[in-house]
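> So here's model12.cif, just mmCIF, C-alpha atoms:
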```cif
data_structure
loop_
_atom_site.group_PDB
_atom_site.id
_atom_site.type_symbol
_atom_site.label_atom_id
_atom_site.label_comp_id
_atom_site.auth_asym_id
_atom_site.auth_seq_id
_atom_site.Cartn_x
_atom_site.Cartn_y
_atom_site.Cartn_z
ATOM 1 C CA GLY Y 8 -22.052 23.963 -34.252
ATOM 2 C CA LEU Y 9 -24.211 23.873 -31.105
ATOM 3 C CA ASP Y 10 -26.756 21.206 -30.290
ATOM 4 C CA VAL Y 11 -28.912 23.127 -27.786
ATOM 5 C CA GLY Y 12 -29.186 26.708 -26.575
ATOM 6 C CA VAL Y 13 -31.290 28.839 -24.263
ATOM 7 C CA ARG Y 14 -32.388 32.120 -25.809
ATOM 8 C CA ILE Y 15 -33.831 35.126 -24.002
ATOM 9 C CA GLY Y 16 -35.709 37.454 -26.319
ATOM 10 C CA HIS Y 17 -37.875 37.316 -29.375
ATOM 11 C CA LEU Y 18 -36.692 34.803 -31.938
ATOM 12 C CA PRO Y 19 -35.976 35.729 -35.521
ATOM 13 C CA ASP Y 20 -37.242 33.357 -38.154
ATOM 14 C CA SER Y 21 -34.823 30.478 -38.395
ATOM 15 C CA SER Y 22 -34.516 26.781 -39.013
ATOM 16 C CA LEU Y 23 -34.149 26.118 -35.288
ATOM 17 C CA ARG Y 24 -36.863 24.443 -33.264
ATOM 18 C CA ALA Y 25 -37.909 26.467 -30.237
ATOM 19 C CA ILE Y 26 -39.744 25.416 -27.089
ATOM 20 C CA ARG Y 27 -40.953 28.236 -24.869
ATOM 21 C CA VAL Y 28 -40.064 27.613 -21.224
ATOM 22 C CA GLY Y 29 -40.858 30.919 -19.540
ATOM 23 C CA GLN Y 30 -40.300 34.653 -19.542
ATOM 24 C CA VAL Y 31 -38.166 37.280 -17.828
ATOM 25 C CA ARG Y 32 -38.319 41.037 -17.338
ATOM 26 C CA ARG Y 33 -35.818 43.837 -16.991
ATOM 27 C CA VAL Y 34 -36.225 45.154 -13.455
ATOM 28 C CA VAL Y 35 -34.838 48.147 -11.597
ATOM 29 C CA CYS Y 36 -33.974 47.337 -8.010
ATOM 30 C CA ALA Y 37 -32.144 48.540 -4.919
ATOM 31 C CA ALA Y 38 -31.549 47.518 -1.335
ATOM 32 C CA PRO Y 39 -34.451 48.364 1.008
ATOM 33 C CA ALA Y 40 -32.055 50.380 3.228
ATOM 34 C CA TYR Y 41 -31.013 52.493 0.225
ATOM 35 C CA LEU Y 42 -34.654 53.196 -0.687
ATOM 36 C CA GLU Y 43 -35.505 54.033 2.909
ATOM 37 C CA GLN Y 44 -32.680 56.564 3.091
ATOM 38 C CA HIS Y 45 -32.924 58.082 -0.426
ATOM 39 C CA GLY Y 46 -36.510 57.432 -1.441
ATOM 40 C CA SER Y 47 -37.862 55.460 -4.352
ATOM 41 C CA PRO Y 48 -38.125 56.941 -7.842
ATOM 42 C CA ARG Y 49 -41.766 57.277 -8.925
ATOM 43 C CA THR Y 50 -41.027 57.829 -12.625
ATOM 44 C CA PRO Y 51 -38.150 56.821 -14.908
ATOM 45 C CA ALA Y 52 -37.086 60.488 -15.147
ATOM 46 C CA GLU Y 53 -36.420 60.496 -11.384
ATOM 47 C CA LEU Y 54 -33.620 57.950 -11.886
ATOM 48 C CA ALA Y 55 -31.362 60.890 -12.737
ATOM 49 C CA GLN Y 56 -31.545 61.899 -9.050
ATOM 50 C CA HIS Y 57 -30.125 58.541 -7.892
ATOM 51 C CA PRO Y 58 -26.742 56.839 -8.206
ATOM 52 C CA ILE Y 59 -26.963 54.249 -10.963
ATOM 53 C CA ILE Y 60 -25.036 50.976 -11.029
ATOM 54 C CA ALA Y 61 -24.670 49.763 -14.618
ATOM 55 C CA ALA Y 62 -23.424 46.386 -15.786
ATOM 56 C CA THR Y 63 -21.704 46.502 -19.163
ATOM 57 C CA SER Y 64 -22.407 42.785 -19.591
ATOM 58 C CA LEU Y 65 -26.146 43.510 -19.835
ATOM 59 C CA SER Y 66 -25.959 46.635 -21.963
ATOM 60 C CA ALA Y 67 -23.092 48.823 -23.052
ATOM 61 C CA GLY Y 68 -25.384 51.826 -23.400
ATOM 62 C CA SER Y 69 -26.312 54.396 -20.795
ATOM 63 C CA GLU Y 70 -29.941 54.600 -21.920
ATOM 64 C CA TRP Y 71 -32.670 52.596 -20.224
ATOM 65 C CA VAL Y 72 -35.980 52.071 -21.999
ATOM 66 C CA PHE Y 73 -39.294 51.829 -20.159
ATOM 67 C CA ALA Y 74 -42.915 51.330 -21.177
ATOM 68 C CA GLY Y 75 -45.095 54.402 -21.037
ATOM 69 C CA GLY Y 76 -48.466 53.292 -22.331
ATOM 70 C CA LYS Y 77 -48.215 52.995 -26.100
ATOM 71 C CA GLU Y 78 -44.898 54.855 -26.206
ATOM 72 C CA GLN Y 79 -41.428 54.075 -24.954
ATOM 73 C CA ILE Y 80 -39.784 56.231 -22.321
ATOM 74 C CA ARG Y 81 -36.048 56.576 -22.883
ATOM 75 C CA VAL Y 82 -33.893 57.765 -20.011
ATOM 76 C CA ARG Y 83 -30.249 58.666 -20.585
ATOM 77 C CA LEU Y 84 -28.252 57.986 -17.427
ATOM 78 C CA SER Y 85 -24.749 58.662 -16.160
ATOM 79 C CA PRO Y 86 -23.853 55.634 -14.034
ATOM 80 C CA ARG Y 87 -21.957 56.353 -10.851
ATOM 81 C CA ILE Y 88 -20.675 52.787 -10.746
ATOM 82 C CA LEU Y 89 -19.887 50.845 -13.909
ATOM 83 C CA VAL Y 90 -19.084 47.141 -13.522
ATOM 84 C CA ASN Y 91 -18.372 44.497 -16.125
ATOM 85 C CA THR Y 92 -20.444 41.684 -14.606
ATOM 86 C CA ASN Y 93 -24.036 41.335 -13.517
ATOM 87 C CA ASP Y 94 -22.789 39.830 -10.250
ATOM 88 C CA GLY Y 95 -20.840 43.035 -9.600
ATOM 89 C CA ALA Y 96 -23.950 45.160 -10.165
ATOM 90 C CA LEU Y 97 -25.960 42.833 -7.956
ATOM 91 C CA GLU Y 98 -23.429 43.064 -5.121
ATOM 92 C CA ALA Y 99 -23.198 46.860 -5.364
ATOM 93 C CA ALA Y 100 -26.994 47.197 -5.242
ATOM 94 C CA ARG Y 101 -27.255 44.741 -2.342
ATOM 95 C CA SER Y 102 -24.648 46.822 -0.509
ATOM 96 C CA GLY Y 103 -26.770 49.957 -0.887
ATOM 97 C CA PHE Y 104 -24.709 51.897 -3.447
ATOM 98 C CA GLY Y 105 -27.688 52.741 -5.687
ATOM 99 C CA LEU Y 106 -30.127 51.398 -8.242
ATOM 100 C CA THR Y 107 -29.355 48.820 -10.893
ATOM 101 C CA ARG Y 108 -31.251 47.177 -13.737
ATOM 102 C CA LEU Y 109 -30.928 43.464 -14.301
ATOM 103 C CA ILE Y 110 -32.986 40.610 -15.676
ATOM 104 C CA SER Y 111 -35.577 39.251 -13.241
ATOM 105 C CA TYR Y 112 -34.077 35.752 -12.961
ATOM 106 C CA GLN Y 113 -30.732 37.296 -11.935
ATOM 107 C CA VAL Y 114 -32.295 38.975 -8.882
ATOM 108 C CA ALA Y 115 -34.997 36.413 -8.057
ATOM 109 C CA ASN Y 116 -33.213 35.053 -4.970
ATOM 110 C CA GLU Y 117 -32.519 38.550 -3.597
ATOM 111 C CA LEU Y 118 -36.118 39.642 -4.150
ATOM 112 C CA ALA Y 119 -37.398 36.522 -2.391
ATOM 113 C CA ALA Y 120 -34.991 37.067 0.517
ATOM 114 C CA GLY Y 121 -35.865 40.766 0.751
ATOM 115 C CA THR Y 122 -32.292 41.959 0.207
ATOM 116 C CA LEU Y 123 -33.428 43.815 -2.935
ATOM 117 C CA THR Y 124 -36.693 45.526 -3.830
ATOM 118 C CA THR Y 125 -37.961 46.395 -7.305
ATOM 119 C CA VAL Y 126 -39.022 49.912 -8.228
ATOM 120 C CA LEU Y 127 -40.808 51.394 -11.244
ATOM 121 C CA THR Y 128 -42.619 48.102 -11.895
ATOM 122 C CA GLU Y 129 -45.493 49.926 -13.593
ATOM 123 C CA PHE Y 130 -43.005 51.154 -16.224
ATOM 124 C CA GLU Y 131 -41.445 47.770 -17.050
ATOM 125 C CA GLU Y 132 -41.277 46.796 -20.695
ATOM 126 C CA ALA Y 133 -43.111 43.685 -21.827
ATOM 127 C CA ALA Y 134 -41.646 40.406 -20.623
ATOM 128 C CA LEU Y 135 -39.084 38.673 -22.828
ATOM 129 C CA PRO Y 136 -39.735 35.049 -23.773
ATOM 130 C CA VAL Y 137 -37.232 32.320 -22.897
ATOM 131 C CA HIS Y 138 -36.850 29.394 -25.306
ATOM 132 C CA VAL Y 139 -34.808 26.224 -25.514
ATOM 133 C CA ILE Y 140 -33.625 26.074 -29.115
ATOM 134 C CA HIS Y 141 -32.219 23.127 -31.031
ATOM 135 C CA ARG Y 142 -31.827 21.723 -34.534
ATOM 136 C CA GLU Y 143 -32.809 18.158 -33.805
ATOM 137 C CA GLY Y 144 -36.107 16.734 -35.004
ATOM 138 C CA ARG Y 145 -37.848 13.545 -33.974
ATOM 139 C CA LEU Y 146 -35.151 11.507 -35.671
ATOM 140 C CA GLY Y 147 -32.309 13.348 -33.965
ATOM 141 C CA SER Y 148 -29.824 12.123 -31.417
ATOM 142 C CA ALA Y 149 -31.354 10.456 -28.357
ATOM 143 C CA LYS Y 150 -28.815 12.265 -26.139
ATOM 144 C CA VAL Y 151 -29.792 15.682 -27.467
ATOM 145 C CA ARG Y 152 -33.522 14.876 -27.225
ATOM 146 C CA SER Y 153 -33.084 13.683 -23.623
ATOM 147 C CA PHE Y 154 -31.178 16.828 -22.721
ATOM 148 C CA VAL Y 155 -33.799 19.062 -24.364
ATOM 149 C CA ASP Y 156 -36.592 17.246 -22.493
ATOM 150 C CA LEU Y 157 -34.755 17.634 -19.166
ATOM 151 C CA ALA Y 158 -33.893 21.306 -19.788
ATOM 152 C CA VAL Y 159 -37.484 22.128 -20.736
ATOM 153 C CA GLU Y 160 -38.845 20.359 -17.642
ATOM 154 C CA ARG Y 161 -36.426 22.073 -15.254
ATOM 155 C CA LEU Y 162 -36.729 25.540 -16.778
ATOM 156 C CA ARG Y 163 -40.526 25.417 -16.819
ATOM 157 C CA ALA Y 164 -40.441 24.470 -13.127
ATOM 158 C CA ASP Y 165 -38.170 27.415 -12.232
ATOM 159 C CA THR Y 166 -40.303 30.113 -10.600
ATOM 160 C CA ALA Y 167 -37.788 32.797 -11.665
ATOM 161 C CA LEU Y 168 -38.976 32.299 -15.256
ATOM 162 C CA ARG Y 169 -42.659 33.014 -14.609
#
```
Translate the structure described by the file into C-alpha coordinates.

Amino acid sequence: GLDVGVRIGHLPDSSLRAIRVGQVRRVVCAAPAYLEQHGSPRTPAELAQHPIIAATSLSAGSEWVFAGGKEQIRVRLSPRILVNTNDGALEAARSGFGLTRLISYQVANELAAGTLTTVLTEFEEAALPVHVIHREGRLGSAKVRSFVDLAVERLRADTALR
(Lines of atoms letter the chains of each structure in order from A and count residues from 1; the text may use other names and numbers.)
(Lines give C-alpha, C1' and ligand atoms only; values in the text may rest on other atoms or scores of the structure.)
Protein backbone atom coordinates (compact mmCIF):
# COMPACT_ATOMS: atom_id res chain seq x y z
CA GLY A 1 0.00 0.00 0.00
CA LEU A 2 3.01 2.34 -0.09
CA ASP A 3 4.11 4.35 -3.10
CA VAL A 4 7.76 4.97 -2.14
CA GLY A 5 10.15 3.76 0.54
CA VAL A 6 13.77 4.11 1.58
CA ARG A 7 15.44 0.80 2.39
CA ILE A 8 18.72 0.29 4.21
CA GLY A 9 20.22 -3.13 3.58
CA HIS A 10 20.48 -5.68 0.85
CA LEU A 11 17.29 -6.09 -1.13
CA PRO A 12 15.58 -9.42 -1.58
CA ASP A 13 14.31 -10.20 -5.04
CA SER A 14 11.02 -8.43 -5.50
CA SER A 15 8.81 -6.67 -7.99
CA LEU A 16 9.87 -3.28 -6.63
CA ARG A 17 12.09 -0.93 -8.58
CA ALA A 18 15.16 0.16 -6.64
CA ILE A 19 17.48 3.11 -7.16
CA ARG A 20 20.68 3.06 -5.14
CA VAL A 21 21.32 6.41 -3.46
CA GLY A 22 24.19 5.68 -1.08
CA GLN A 23 25.47 3.49 1.71
CA VAL A 24 25.78 3.48 5.49
CA ARG A 25 27.83 1.59 8.06
CA ARG A 26 27.34 0.42 11.61
CA VAL A 27 29.81 2.40 13.70
CA VAL A 28 30.93 2.20 17.32
CA CYS A 29 31.48 5.62 18.84
CA ALA A 30 31.98 7.52 22.07
CA ALA A 31 32.63 11.04 23.28
CA PRO A 32 36.29 12.11 23.00
CA ALA A 33 36.34 12.89 26.75
CA TYR A 34 35.18 9.34 27.53
CA LEU A 35 37.91 7.84 25.32
CA GLU A 36 40.54 10.11 26.84
CA GLN A 37 39.60 9.00 30.35
CA HIS A 38 38.93 5.27 29.72
CA GLY A 39 40.95 4.52 26.61
CA SER A 40 39.81 3.26 23.25
CA PRO A 41 39.16 -0.42 22.58
CA ARG A 42 41.64 -1.83 20.06
CA THR A 43 39.70 -5.03 19.33
CA PRO A 44 36.01 -5.96 19.52
CA ALA A 45 36.76 -8.25 22.49
CA GLU A 46 37.91 -5.20 24.49
CA LEU A 47 34.36 -3.80 24.38
CA ALA A 48 33.59 -6.03 27.36
CA GLN A 49 35.82 -3.73 29.46
CA HIS A 50 33.69 -0.65 28.64
CA PRO A 51 30.16 0.44 29.52
CA ILE A 52 27.93 -0.21 26.53
CA ILE A 53 24.91 1.89 25.57
CA ALA A 54 22.49 -0.19 23.49
CA ALA A 55 19.47 1.04 21.58
CA THR A 56 16.71 -1.55 21.31
CA SER A 57 15.36 0.28 18.26
CA LEU A 58 18.47 -0.71 16.28
CA SER A 59 18.82 -4.26 17.55
CA ALA A 60 17.13 -6.16 20.33
CA GLY A 61 20.12 -8.46 20.71
CA SER A 62 23.16 -8.03 22.90
CA GLU A 63 25.56 -9.40 20.28
CA TRP A 64 27.50 -7.11 17.97
CA VAL A 65 29.03 -8.52 14.80
CA PHE A 66 32.29 -7.23 13.33
CA ALA A 67 34.41 -8.08 10.30
CA GLY A 68 37.56 -10.03 11.00
CA GLY A 69 39.08 -10.71 7.61
CA LYS A 70 37.09 -13.50 5.99
CA GLU A 71 35.34 -14.38 9.25
CA GLN A 72 32.85 -12.59 11.44
CA ILE A 73 33.73 -11.64 14.99
CA ARG A 74 30.76 -11.93 17.33
CA VAL A 75 30.90 -10.16 20.67
CA ARG A 76 28.25 -10.81 23.31
CA LEU A 77 27.79 -7.70 25.45
CA SER A 78 25.95 -6.77 28.62
CA PRO A 79 24.81 -3.18 28.10
CA ARG A 80 25.08 -0.90 31.10
CA ILE A 81 22.50 1.45 29.61
CA LEU A 82 19.61 0.18 27.51
CA VAL A 83 17.46 2.79 25.75
CA ASN A 84 14.56 2.39 23.37
CA THR A 85 15.54 5.08 20.87
CA ASN A 86 18.63 5.81 18.84
CA ASP A 87 18.42 9.43 20.01
CA GLY A 88 18.67 8.20 23.61
CA ALA A 89 21.79 6.18 22.80
CA LEU A 90 23.25 9.14 20.95
CA GLU A 91 22.65 11.49 23.88
CA ALA A 92 24.11 9.04 26.41
CA ALA A 93 27.24 8.57 24.29
CA ARG A 94 27.60 12.32 23.74
CA SER A 95 27.35 12.77 27.51
CA GLY A 96 30.26 10.39 28.07
CA PHE A 97 28.43 7.39 29.56
CA GLY A 98 30.12 4.82 27.30
CA LEU A 99 30.27 3.36 23.81
CA THR A 100 27.32 2.88 21.50
CA ARG A 101 26.78 1.43 18.04
CA LEU A 102 24.58 3.25 15.57
CA ILE A 103 24.25 3.68 11.83
CA SER A 104 26.70 6.18 10.34
CA TYR A 105 24.07 8.65 9.11
CA GLN A 106 22.64 8.85 12.65
CA VAL A 107 25.97 10.12 14.05
CA ALA A 108 27.24 12.05 11.02
CA ASN A 109 26.60 15.49 12.55
CA GLU A 110 28.27 14.54 15.85
CA LEU A 111 31.31 13.10 14.07
CA ALA A 112 31.64 16.25 11.96
CA ALA A 113 31.31 18.46 15.06
CA GLY A 114 33.79 16.34 17.03
CA THR A 115 31.34 15.53 19.82
CA LEU A 116 31.68 11.81 19.01
CA THR A 117 34.59 9.76 17.70
CA THR A 118 34.43 6.36 16.01
CA VAL A 119 36.46 3.41 17.26
CA LEU A 120 37.19 -0.04 15.84
CA THR A 121 36.79 1.25 12.27
CA GLU A 122 39.09 -1.47 10.95
CA PHE A 123 36.58 -4.06 12.21
CA GLU A 124 33.46 -2.53 10.63
CA GLU A 125 31.28 -4.82 8.56
CA ALA A 126 30.77 -4.02 4.90
CA ALA A 127 28.67 -0.96 4.18
CA LEU A 128 24.92 -1.42 3.73
CA PRO A 129 23.35 -0.05 0.55
CA VAL A 130 20.55 2.53 0.70
CA HIS A 131 17.85 2.41 -1.99
CA VAL A 132 14.73 4.35 -2.86
CA ILE A 133 12.16 1.69 -3.73
CA HIS A 134 8.88 2.08 -5.58
CA ARG A 135 6.40 0.19 -7.73
CA GLU A 136 5.84 2.81 -10.37
CA GLY A 137 7.21 2.40 -13.88
CA ARG A 138 7.54 4.97 -16.63
CA LEU A 139 3.78 5.11 -16.98
CA GLY A 140 3.18 5.63 -13.27
CA SER A 141 1.82 8.62 -11.44
CA ALA A 142 3.59 11.91 -12.21
CA LYS A 143 3.44 12.82 -8.50
CA VAL A 144 5.17 9.62 -7.43
CA ARG A 145 7.79 9.94 -10.20
CA SER A 146 8.49 13.55 -9.20
CA PHE A 147 8.86 12.56 -5.56
CA VAL A 148 11.18 9.66 -6.44
CA ASP A 149 13.33 11.97 -8.59
CA LEU A 150 13.55 14.55 -5.79
CA ALA A 151 14.30 11.93 -3.10
CA VAL A 152 17.03 10.34 -5.22
CA GLU A 153 18.63 13.73 -5.93
CA ARG A 154 18.60 14.83 -2.29
CA LEU A 155 19.75 11.51 -0.85
CA ARG A 156 22.61 11.18 -3.33
CA ALA A 157 23.74 14.69 -2.35
CA ASP A 158 23.73 13.85 1.38
CA THR A 159 27.33 13.31 2.49
CA ALA A 160 26.15 11.10 5.38
CA LEU A 161 25.25 8.43 2.80
CA ARG A 162 28.71 8.16 1.23
> CA of Thr125 (chain Y) to CA of Val13 (chain Y): how many Å, to one decimal?
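If I compute the distance from CA of Thr125 (chain Y) to CA of Val13 (chain Y), I get 25.3 Å.
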> Report as a PDB file with C-alpha atoms, keeping the file's coordinate frame the full result of the PyMOL selection byres ((chain Y and resi 110-112) around 8) when it is applied to this structure.

```pdb
ATOM      1  CA  VAL Y  31     -38.166  37.280 -17.828  1.00  0.00           C
ATOM      2  CA  ARG Y  32     -38.319  41.037 -17.338  1.00  0.00           C
ATOM      3  CA  ARG Y  33     -35.818  43.837 -16.991  1.00  0.00           C
ATOM      4  CA  VAL Y  34     -36.225  45.154 -13.455  1.00  0.00           C
ATOM      5  CA  ARG Y 108     -31.251  47.177 -13.737  1.00  0.00           C
ATOM      6  CA  LEU Y 109     -30.928  43.464 -14.301  1.00  0.00           C
ATOM      7  CA  GLN Y 113     -30.732  37.296 -11.935  1.00  0.00           C
ATOM      8  CA  VAL Y 114     -32.295  38.975  -8.882  1.00  0.00           C
ATOM      9  CA  ALA Y 115     -34.997  36.413  -8.057  1.00  0.00           C
ATOM     10  CA  ALA Y 167     -37.788  32.797 -11.665  1.00  0.00           C
ATOM     11  CA  LEU Y 168     -38.976  32.299 -15.256  1.00  0.00           C
TER      12      LEU Y 168
END
```
> May I ask which of the residues Y:Pro58, Y:Pro19, Y:Pro136, Y:Gly29 is the closest one to Arg163 (chain Y), counting all atoms listed in the file?
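The closest residue to Arg163 (chain Y) is Y:Gly29.
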> In Å to one decimal, how far is CA of Arg169 (chain Y) from CA of Ala120 (chain Y)?
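Result for CA of Ala120 (chain Y) versus CA of Arg169 (chain Y): 17.4 Å, one decimal.
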> Ranking Y:Val139, Y:Asp165, Y:Ala62, Y:Ala119 by minimum distance to Leu97 (chain Y) and counting all atoms listed in the file, which one comes first?
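So, comparing all the options, the nearest one is Y:Ala62.
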> With a distance cut-off of 9 Å and all atoms listed in the file, select the neighbouring residues of His141 (chain Y), excluding the residue or stretch itself and same-chain residues fewer than 4 positions from it, and output the selection as a list in words.
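Here the qualifying residues turn out to be Leu9, Asp10, Val11, Gly12, Val13, Leu23, Arg24, Ala25, Ile26, Val151 and Val155 of chain Y.
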> Go ahead and fit an axis-aligned box to every listed atom of region 131-134 of chain Y plus 4 Å each side, and pass me the centre and edge lengths in Å, one decimal, as AutoDock Vina command-line options.

```
--center_x -42.2 --center_y 44.1 --center_z -19.4 --size_x 9.8 --size_y 15.4 --size_z 12.8
```
> Figure out the distance between CA of Thr50 (chain Y) and CA of His17 (chain Y), please, to one decimal in Å.
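Interatomic distance, CA of His17 (chain Y) to CA of Thr50 (chain Y): 26.7 Å.
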> Evaluate the PyMOL selection byres ((chain Y and resi 106) around 6) and record the selected residues as a PDB file with C-alpha atoms, in the frame of the given file, following the chain and residue labels used in the document.

```pdb
ATOM      1  CA  CYS Y  36     -33.974  47.337  -8.010  1.00  0.00           C
ATOM      2  CA  ALA Y  37     -32.144  48.540  -4.919  1.00  0.00           C
ATOM      3  CA  ILE Y  59     -26.963  54.249 -10.963  1.00  0.00           C
ATOM      4  CA  ILE Y  60     -25.036  50.976 -11.029  1.00  0.00           C
ATOM      5  CA  GLY Y 105     -27.688  52.741  -5.687  1.00  0.00           C
ATOM      6  CA  THR Y 107     -29.355  48.820 -10.893  1.00  0.00           C
TER       7      THR Y 107
END
```
> Give me the residues within 10 Å of region 127-132 of chain Y as a PyMOL selection string, counting all atoms listed in the file and dropping any in the same chain fewer than 3 places off.
chain Y and resi 32-36+47-51+54+72-76+79-80+135
> Would you write out those residues with C-alpha atoms, as a short mmCIF file (atom, residue, chain, number, x, y, z; two decimals), in the frame of the given file?

```
data_model
loop_
_atom_site.label_atom_id
_atom_site.label_comp_id
_atom_site.auth_asym_id
_atom_site.auth_seq_id
_atom_site.Cartn_x
_atom_site.Cartn_y
_atom_site.Cartn_z
CA ARG Y 32 -38.32 41.04 -17.34
CA ARG Y 33 -35.82 43.84 -16.99
CA VAL Y 34 -36.22 45.15 -13.46
CA VAL Y 35 -34.84 48.15 -11.60
CA CYS Y 36 -33.97 47.34 -8.01
CA SER Y 47 -37.86 55.46 -4.35
CA PRO Y 48 -38.12 56.94 -7.84
CA ARG Y 49 -41.77 57.28 -8.93
CA THR Y 50 -41.03 57.83 -12.62
CA PRO Y 51 -38.15 56.82 -14.91
CA LEU Y 54 -33.62 57.95 -11.89
CA VAL Y 72 -35.98 52.07 -22.00
CA PHE Y 73 -39.29 51.83 -20.16
CA ALA Y 74 -42.92 51.33 -21.18
CA GLY Y 75 -45.10 54.40 -21.04
CA GLY Y 76 -48.47 53.29 -22.33
CA GLN Y 79 -41.43 54.08 -24.95
CA ILE Y 80 -39.78 56.23 -22.32
CA LEU Y 135 -39.08 38.67 -22.83
#
```
> Using only C-alpha atoms, pick whichever of Y:Ile88, Y:Ile140, Y:Leu42, Y:Ile15 has the shortest atom-to-atom distance to Gln30 (chain Y).
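The closest residue to Gln30 (chain Y) is Y:Ile15.
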> With the file shown as input, list the residues that the PyMOL selection byres ((chain Y and resi 69-71) around 6) selects, as a count of residues only.
6
> Name the closest residue to Gly8 (chain Y) among the candidates Y:Arg142, Y:Gln44, Y:Val90, Y:Ala134; distances are taken between atoms, counting all atoms listed in the file.
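Checking each candidate against Gly8 (chain Y), we get Y:Arg142 as the closest.
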> Which residue gives the smallest distance to Glu117 (chain Y) among Y:Glu43, Y:Glu78, Y:Glu53, Y:Glu98, with only C-alpha atoms counted?
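Looking only at the distances to Glu117 (chain Y), the closest residue turns out to be Y:Glu98.
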> Taking into account only C-alpha atoms, which residue in the set Y:Pro86, Y:Pro39, Y:Gly16, Y:Gly121 is nearest to His57 (chain Y)?
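Of Y:Pro86, Y:Pro39, Y:Gly16, Y:Gly121, the one nearest His57 (chain Y) is Y:Pro86, counting only C-alpha atoms.
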